[in-house]
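**Student:** So I've got this file, start_3.cif, and it contains mmCIF, C-alpha atoms:
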data_entry
#
loop_
_atom_site.group_PDB
_atom_site.id
_atom_site.type_symbol
_atom_site.label_atom_id
_atom_site.label_comp_id
_atom_site.auth_asym_id
_atom_site.auth_seq_id
_atom_site.Cartn_x
_atom_site.Cartn_y
_atom_site.Cartn_z
ATOM 1 C CA MET H 1 105.001 120.546 112.960
ATOM 2 C CA PRO H 2 107.574 120.022 115.744
ATOM 3 C CA VAL H 3 108.482 116.518 116.899
ATOM 4 C CA ASN H 4 108.528 116.380 120.699
ATOM 5 C CA ILE H 5 110.915 113.942 122.348
ATOM 6 C CA THR H 6 110.874 113.434 126.099
ATOM 7 C CA GLY H 7 113.394 111.403 128.023
ATOM 8 C CA ALA H 8 115.369 111.285 131.241
ATOM 9 C CA ARG H 9 119.104 111.619 131.590
ATOM 10 C CA PRO H 10 120.703 108.378 132.840
ATOM 11 C CA LEU H 11 122.610 110.086 135.678
ATOM 12 C CA SER H 12 121.197 109.565 139.149
ATOM 13 C CA THR H 13 122.059 113.140 140.147
ATOM 14 C CA ILE H 14 120.057 114.597 137.254
ATOM 15 C CA SER H 15 116.544 113.261 136.874
ATOM 16 C CA GLU H 16 114.629 116.087 135.228
ATOM 17 C CA ALA H 17 113.109 115.479 131.807
ATOM 18 C CA LEU H 18 115.142 116.529 128.787
ATOM 19 C CA ASN H 19 112.540 118.124 126.540
ATOM 20 C CA VAL H 20 113.544 118.596 122.938
ATOM 21 C CA ALA H 21 111.349 120.045 120.210
ATOM 22 C CA LEU H 22 112.671 119.329 116.727
ATOM 23 C CA ILE H 23 111.704 121.315 113.666
ATOM 24 C CA ALA H 24 112.695 120.796 110.027
ATOM 25 C CA ASP H 25 113.351 123.506 107.462
ATOM 26 C CA PRO H 26 111.679 123.139 104.086
ATOM 27 C CA PRO H 27 113.939 121.175 101.703
ATOM 28 C CA VAL H 28 116.453 123.277 99.759
ATOM 29 C CA GLU H 29 117.103 122.180 96.177
ATOM 30 C CA ASN H 30 120.482 122.797 94.534
ATOM 31 C CA ASP H 31 120.149 122.214 90.784
ATOM 32 C CA ALA H 32 123.886 122.600 90.136
ATOM 33 C CA ASP H 33 124.748 119.751 92.544
ATOM 34 C CA ASP H 34 121.519 117.753 92.007
ATOM 35 C CA THR H 35 120.941 117.713 95.764
ATOM 36 C CA ILE H 36 118.055 118.316 98.128
ATOM 37 C CA THR H 37 118.933 119.242 101.729
ATOM 38 C CA THR H 38 116.730 119.330 104.810
ATOM 39 C CA ARG H 39 118.093 120.657 108.110
ATOM 40 C CA VAL H 40 116.599 119.615 111.441
ATOM 41 C CA TYR H 41 116.922 121.926 114.447
ATOM 42 C CA SER H 42 116.308 121.848 118.165
ATOM 43 C CA GLN H 43 114.057 124.817 118.880
ATOM 44 C CA ASN H 44 114.877 127.846 121.019
ATOM 45 C CA VAL H 45 118.293 127.050 122.467
ATOM 46 C CA THR H 46 119.726 129.906 124.538
ATOM 47 C CA PRO H 47 123.524 129.999 124.571
ATOM 48 C CA ALA H 48 124.888 130.261 128.095
ATOM 49 C CA ALA H 49 128.036 131.959 129.337
ATOM 50 C CA VAL H 50 130.892 129.557 130.108
ATOM 51 C CA THR H 51 134.191 129.794 131.949
ATOM 52 C CA VAL H 52 137.474 128.851 130.299
ATOM 53 C CA ALA H 53 140.967 128.461 131.742
ATOM 54 C CA ILE H 54 143.567 130.537 129.856
ATOM 55 C CA VAL H 55 147.082 131.944 130.067
ATOM 56 C CA THR H 56 147.889 135.570 129.236
ATOM 57 C CA THR H 57 151.050 137.493 128.472
ATOM 58 C CA ASN H 58 151.182 141.060 129.774
ATOM 59 C CA GLY H 59 150.772 143.576 126.940
ATOM 60 C CA LEU H 60 149.654 141.023 124.332
ATOM 61 C CA ALA H 61 146.157 140.438 122.941
ATOM 62 C CA GLN H 62 146.716 136.706 122.426
ATOM 63 C CA ILE H 63 145.558 134.148 124.973
ATOM 64 C CA THR H 64 146.325 130.437 125.051
ATOM 65 C CA GLY H 65 144.618 127.482 126.699
ATOM 66 C CA ALA H 66 144.372 123.710 126.605
ATOM 67 C CA ASP H 67 140.806 123.941 125.249
ATOM 68 C CA LEU H 68 139.485 127.119 123.622
ATOM 69 C CA SER H 69 136.977 125.257 121.428
ATOM 70 C CA GLN H 70 134.049 127.039 123.093
ATOM 71 C CA LEU H 71 135.241 130.486 121.955
ATOM 72 C CA ARG H 72 133.683 132.071 118.860
ATOM 73 C CA VAL H 73 134.573 135.240 117.006
ATOM 74 C CA GLY H 74 132.431 138.017 118.480
ATOM 75 C CA ASP H 75 132.153 136.480 121.972
ATOM 76 C CA THR H 76 132.884 138.787 124.911
ATOM 77 C CA VAL H 77 135.475 137.635 127.437
ATOM 78 C CA ALA H 78 135.986 139.001 130.932
ATOM 79 C CA GLY H 79 138.737 137.988 133.301
ATOM 80 C CA THR H 80 141.184 139.380 135.822
ATOM 81 C CA ASN H 81 144.044 139.558 133.282
ATOM 82 C CA ILE H 82 142.168 140.402 130.069
ATOM 83 C CA SER H 83 138.747 141.529 128.836
ATOM 84 C CA GLY H 84 137.433 142.267 125.351
ATOM 85 C CA THR H 85 135.948 140.642 122.273
ATOM 86 C CA VAL H 86 137.247 137.508 120.547
ATOM 87 C CA SER H 87 138.536 138.392 117.050
ATOM 88 C CA ALA H 88 140.187 135.057 116.106
ATOM 89 C CA VAL H 89 140.402 131.481 117.433
ATOM 90 C CA ASP H 90 142.910 128.805 116.378
ATOM 91 C CA THR H 91 142.227 125.302 117.715
ATOM 92 C CA SER H 92 144.653 123.678 115.266
ATOM 93 C CA VAL H 93 147.637 124.520 117.502
ATOM 94 C CA THR H 94 148.613 123.161 120.920
ATOM 95 C CA PRO H 95 147.871 124.904 123.177
ATOM 96 C CA HIS H 96 144.889 126.547 121.477
ATOM 97 C CA ALA H 97 145.238 130.283 120.806
ATOM 98 C CA ALA H 98 142.825 133.187 120.480
ATOM 99 C CA THR H 99 143.134 136.885 119.807
ATOM 100 C CA ILE H 100 141.204 139.372 121.950
ATOM 101 C CA SER H 101 140.387 142.996 121.060
ATOM 102 C CA ALA H 102 142.426 144.333 124.007
ATOM 103 C CA ASN H 103 145.826 143.567 125.488
ATOM 104 C CA ALA H 104 146.288 141.659 128.729
ATOM 105 C CA THR H 105 147.173 143.807 131.730
ATOM 106 C CA VAL H 106 148.685 140.941 133.727
ATOM 107 C CA ALA H 107 150.609 137.787 132.783
ATOM 108 C CA GLY H 108 149.691 134.341 134.018
ATOM 109 C CA ALA H 109 146.876 131.840 134.455
ATOM 110 C CA ASP H 110 143.336 133.211 134.483
ATOM 111 C CA THR H 111 139.763 132.019 134.197
ATOM 112 C CA ILE H 112 137.638 134.057 131.813
ATOM 113 C CA THR H 113 133.884 134.243 131.526
ATOM 114 C CA VAL H 114 132.866 133.890 127.876
ATOM 115 C CA THR H 115 129.527 135.443 126.899
ATOM 116 C CA PRO H 116 128.246 134.446 123.443
ATOM 117 C CA ALA H 117 127.958 137.241 120.885
ATOM 118 C CA SER H 118 124.245 136.536 120.641
ATOM 119 C CA THR H 119 122.425 135.584 123.815
ATOM 120 C CA ALA H 120 119.057 135.404 122.062
ATOM 121 C CA ALA H 121 117.519 131.960 121.666
ATOM 122 C CA PHE H 122 118.011 130.364 118.270
ATOM 123 C CA ASN H 123 117.309 127.028 116.593
ATOM 124 C CA LEU H 124 120.373 124.776 117.039
ATOM 125 C CA ALA H 125 121.354 122.582 114.054
ATOM 126 C CA ILE H 126 121.128 118.879 114.949
ATOM 127 C CA TYR H 127 121.439 117.132 111.579
ATOM 128 C CA ASP H 128 121.099 117.538 107.798
ATOM 129 C CA ILE H 129 119.644 115.002 105.392
ATOM 130 C CA VAL H 130 121.178 115.391 101.927
ATOM 131 C CA ALA H 131 119.781 113.487 98.944
ATOM 132 C CA LYS H 132 122.182 113.406 95.964
ATOM 133 C CA HIS H 133 120.757 112.346 92.606
ATOM 134 C CA ALA H 134 122.640 110.968 89.591
ATOM 135 C CA MET H 135 121.717 109.116 86.416
ATOM 136 C CA PRO H 136 124.410 108.191 83.885
ATOM 137 C CA ALA H 137 123.846 109.481 80.347
ATOM 138 C CA GLY H 138 122.021 106.851 78.327
ATOM 139 C CA GLY H 139 121.269 104.797 81.444
ATOM 140 C CA SER H 140 117.961 104.117 83.115
ATOM 141 C CA THR H 141 119.118 103.692 86.732
ATOM 142 C CA LEU H 142 118.548 106.657 89.038
ATOM 143 C CA CYS H 143 121.091 106.562 91.887
ATOM 144 C CA ILE H 144 120.169 108.363 95.103
ATOM 145 C CA ASP H 145 122.748 108.769 97.857
ATOM 146 C CA ILE H 146 121.231 109.710 101.208
ATOM 147 C CA GLU H 147 123.773 111.301 103.530
ATOM 148 C CA ILE H 148 123.134 112.262 107.149
ATOM 149 C CA TYR H 149 125.376 114.954 108.610
ATOM 150 C CA THR H 150 125.311 115.593 112.361
ATOM 151 C CA TYR H 151 126.360 118.634 114.371
ATOM 152 C CA ASP H 152 127.945 118.543 117.816
ATOM 153 C CA GLY H 153 127.195 122.148 118.768
ATOM 154 C CA SER H 154 130.834 123.261 118.586
ATOM 155 C CA GLY H 155 130.186 125.405 115.495
ATOM 156 C CA ALA H 156 126.824 126.775 116.630
ATOM 157 C CA ILE H 157 126.326 130.438 115.798
ATOM 158 C CA ASP H 158 123.446 132.616 114.666
ATOM 159 C CA SER H 159 125.712 135.029 112.795
ATOM 160 C CA ASP H 160 122.932 136.687 110.779
ATOM 161 C CA ALA H 161 120.465 136.919 113.715
ATOM 162 C CA ASP H 162 117.713 135.095 111.798
ATOM 163 C CA GLY H 163 116.999 132.769 114.730
ATOM 164 C CA LYS H 164 118.650 129.766 113.021
ATOM 165 C CA ASP H 165 122.044 128.163 113.495
ATOM 166 C CA ASN H 166 124.398 129.018 110.615
ATOM 167 C CA ALA H 167 126.763 126.137 111.405
ATOM 168 C CA ALA H 168 128.209 124.532 108.310
ATOM 169 C CA ASN H 169 130.174 121.369 107.575
ATOM 170 C CA GLY H 170 128.518 118.823 109.816
ATOM 171 C CA TYR H 171 130.056 115.424 110.386
ATOM 172 C CA LEU H 172 129.078 112.696 107.908
ATOM 173 C CA ALA H 173 127.403 110.102 110.129
ATOM 174 C CA HIS H 174 125.744 107.746 107.652
ATOM 175 C CA THR H 175 125.344 107.109 103.923
ATOM 176 C CA ALA H 176 122.827 104.916 102.130
ATOM 177 C CA THR H 177 122.423 104.348 98.384
ATOM 178 C CA LEU H 178 119.193 103.627 96.547
ATOM 179 C CA LYS H 179 118.978 102.555 92.903
ATOM 180 C CA LEU H 180 115.747 102.908 90.963
ATOM 181 C CA ASP H 181 115.131 101.498 87.482
ATOM 182 C CA MET H 182 113.359 104.406 85.775
ATOM 183 C CA ASP H 183 112.412 102.273 82.719
ATOM 184 C CA SER H 184 110.496 99.915 85.003
ATOM 185 C CA ILE H 185 108.807 102.757 86.896
ATOM 186 C CA LEU H 186 107.820 104.645 83.752
ATOM 187 C CA SER H 187 106.522 101.509 81.994
ATOM 188 C CA LYS H 188 104.205 100.810 84.947
ATOM 189 C CA ALA H 189 102.939 104.373 85.180
ATOM 190 C CA ARG H 190 99.506 105.040 83.814
ATOM 191 C CA VAL H 191 99.733 107.408 80.878
ATOM 192 C CA PRO H 192 96.606 109.498 80.250
ATOM 193 C CA ARG H 193 95.088 108.826 76.836
ATOM 194 C CA SER H 194 92.887 111.203 74.893
#
Written as structure tokens, that's how I'd like the structure from this file.

**Tutor:**
Amino acid sequence: MPVNITGARPLSTISEALNVALIADPPVENDADDTITTRVYSQNVTPAAVTVAIVTTNGLAQITGADLSQLRVGDTVAGTNISGTVSAVDTSVTPHAATISANATVAGADTITVTPASTAAFNLAIYDIVAKHAMPAGGSTLCIDIEIYTYDGSGAIDSDADGKDNAANGYLAHTATLKLDMDSILSKARVPRS
């Protein structure tokens, strides 16, 4: 069942309600890692086209820009100097760099319109709850680490067109540890007798 959250943005120029419907995937168990993960999404987010300032070099397929973090492989770009499909993005360099499927026809500054590879609505990853379980051999204390990973939208992509964000590697936002004495729990449990 979706959780509906309604609020207003604190800017005086924008007063419309910000409606968000959250939905959680069923928990996914990983026996090898002793983890259980639940992802929470915001429902039906439609990626919009954006504009990005770039610089081109005539005859080259590489573009550069101060911030190309909104580009994703597979996005379509259209500008005065260059148009095509994004085949690689490198935000680890300054300025950022990206490779386009076609060469630039003009050198210089340009503003491109970036259209996401998939313009269909999909569920945007908001956070993951990961429960890690461990119990030392011969011990009776079950240790449970609860980790909350958040997503900022920068890695959002529905690469397999299943309607869900395939973003990975969220940002660790919070960790909590629980310790349960299994001997105590089991000794208090009612054991059926025949």

**Student:** To one decimal place, how far is atom CA of H:Ser101 from atom CA of H:Thr85 in Å?

**Tutor:**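 Between atom CA of H:Ser101 and atom CA of H:Thr85 the gap works out to 5.2 Å.
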
**Student:** What's around stretch 51-65 of chain H at 6 Å? Count only C-alpha atoms, leave out sequence neighbours fewer than 5 positions away in its own chain, and write the answer as a PyMOL selection string.

**Tutor:** chain H and resi 95-100+102-114

**Student:** Set the distance at 12 Å and use only C-alpha atoms: which residues neighbour stretch 161-172 of chain H once local chain neighbours fewer than 6 positions away are removed? I'd like the list as a PDB file with C-alpha atoms, keeping the file's coordinate frame.

**Tutor:**
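In the end it all went to out_35.pdb:
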ATOM      1  CA  ILE H  23     111.704 121.315 113.666  1.00  0.00           C
ATOM      2  CA  ALA H  24     112.695 120.796 110.027  1.00  0.00           C
ATOM      3  CA  ASP H  25     113.351 123.506 107.462  1.00  0.00           C
ATOM      4  CA  ARG H  39     118.093 120.657 108.110  1.00  0.00           C
ATOM      5  CA  VAL H  40     116.599 119.615 111.441  1.00  0.00           C
ATOM      6  CA  TYR H  41     116.922 121.926 114.447  1.00  0.00           C
ATOM      7  CA  SER H  42     116.308 121.848 118.165  1.00  0.00           C
ATOM      8  CA  GLN H  43     114.057 124.817 118.880  1.00  0.00           C
ATOM      9  CA  ASN H  44     114.877 127.846 121.019  1.00  0.00           C
ATOM     10  CA  VAL H  45     118.293 127.050 122.467  1.00  0.00           C
ATOM     11  CA  THR H  46     119.726 129.906 124.538  1.00  0.00           C
ATOM     12  CA  PRO H  47     123.524 129.999 124.571  1.00  0.00           C
ATOM     13  CA  ARG H  72     133.683 132.071 118.860  1.00  0.00           C
ATOM     14  CA  ALA H 117     127.958 137.241 120.885  1.00  0.00           C
ATOM     15  CA  SER H 118     124.245 136.536 120.641  1.00  0.00           C
ATOM     16  CA  THR H 119     122.425 135.584 123.815  1.00  0.00           C
ATOM     17  CA  ALA H 120     119.057 135.404 122.062  1.00  0.00           C
ATOM     18  CA  ALA H 121     117.519 131.960 121.666  1.00  0.00           C
ATOM     19  CA  PHE H 122     118.011 130.364 118.270  1.00  0.00           C
ATOM     20  CA  ASN H 123     117.309 127.028 116.593  1.00  0.00           C
ATOM     21  CA  LEU H 124     120.373 124.776 117.039  1.00  0.00           C
ATOM     22  CA  ALA H 125     121.354 122.582 114.054  1.00  0.00           C
ATOM     23  CA  ILE H 126     121.128 118.879 114.949  1.00  0.00           C
ATOM     24  CA  TYR H 127     121.439 117.132 111.579  1.00  0.00           C
ATOM     25  CA  ASP H 128     121.099 117.538 107.798  1.00  0.00           C
ATOM     26  CA  ILE H 129     119.644 115.002 105.392  1.00  0.00           C
ATOM     27  CA  VAL H 130     121.178 115.391 101.927  1.00  0.00           C
ATOM     28  CA  ILE H 146     121.231 109.710 101.208  1.00  0.00           C
ATOM     29  CA  GLU H 147     123.773 111.301 103.530  1.00  0.00           C
ATOM     30  CA  ILE H 148     123.134 112.262 107.149  1.00  0.00           C
ATOM     31  CA  TYR H 149     125.376 114.954 108.610  1.00  0.00           C
ATOM     32  CA  THR H 150     125.311 115.593 112.361  1.00  0.00           C
ATOM     33  CA  TYR H 151     126.360 118.634 114.371  1.00  0.00           C
ATOM     34  CA  ASP H 152     127.945 118.543 117.816  1.00  0.00           C
ATOM     35  CA  GLY H 153     127.195 122.148 118.768  1.00  0.00           C
ATOM     36  CA  SER H 154     130.834 123.261 118.586  1.00  0.00           C
ATOM     37  CA  GLY H 155     130.186 125.405 115.495  1.00  0.00           C
TER      38      GLY H 155
END

**Student:** Rank H:Leu22, H:Val73, H:Met135, H:Leu186 by their smallest atom-to-atom distance to H:Ser159, using only C-alpha atoms, and report the top residue only.

**Tutor:** H:Val73

**Student:** Provide the atom CA of H:Thr38 to atom CA of H:Ile144 distance in Å, to one decimal place.

**Tutor:**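 Atom-to-atom, atom CA of H:Thr38 to atom CA of H:Ile144, that is 15.0 Å.
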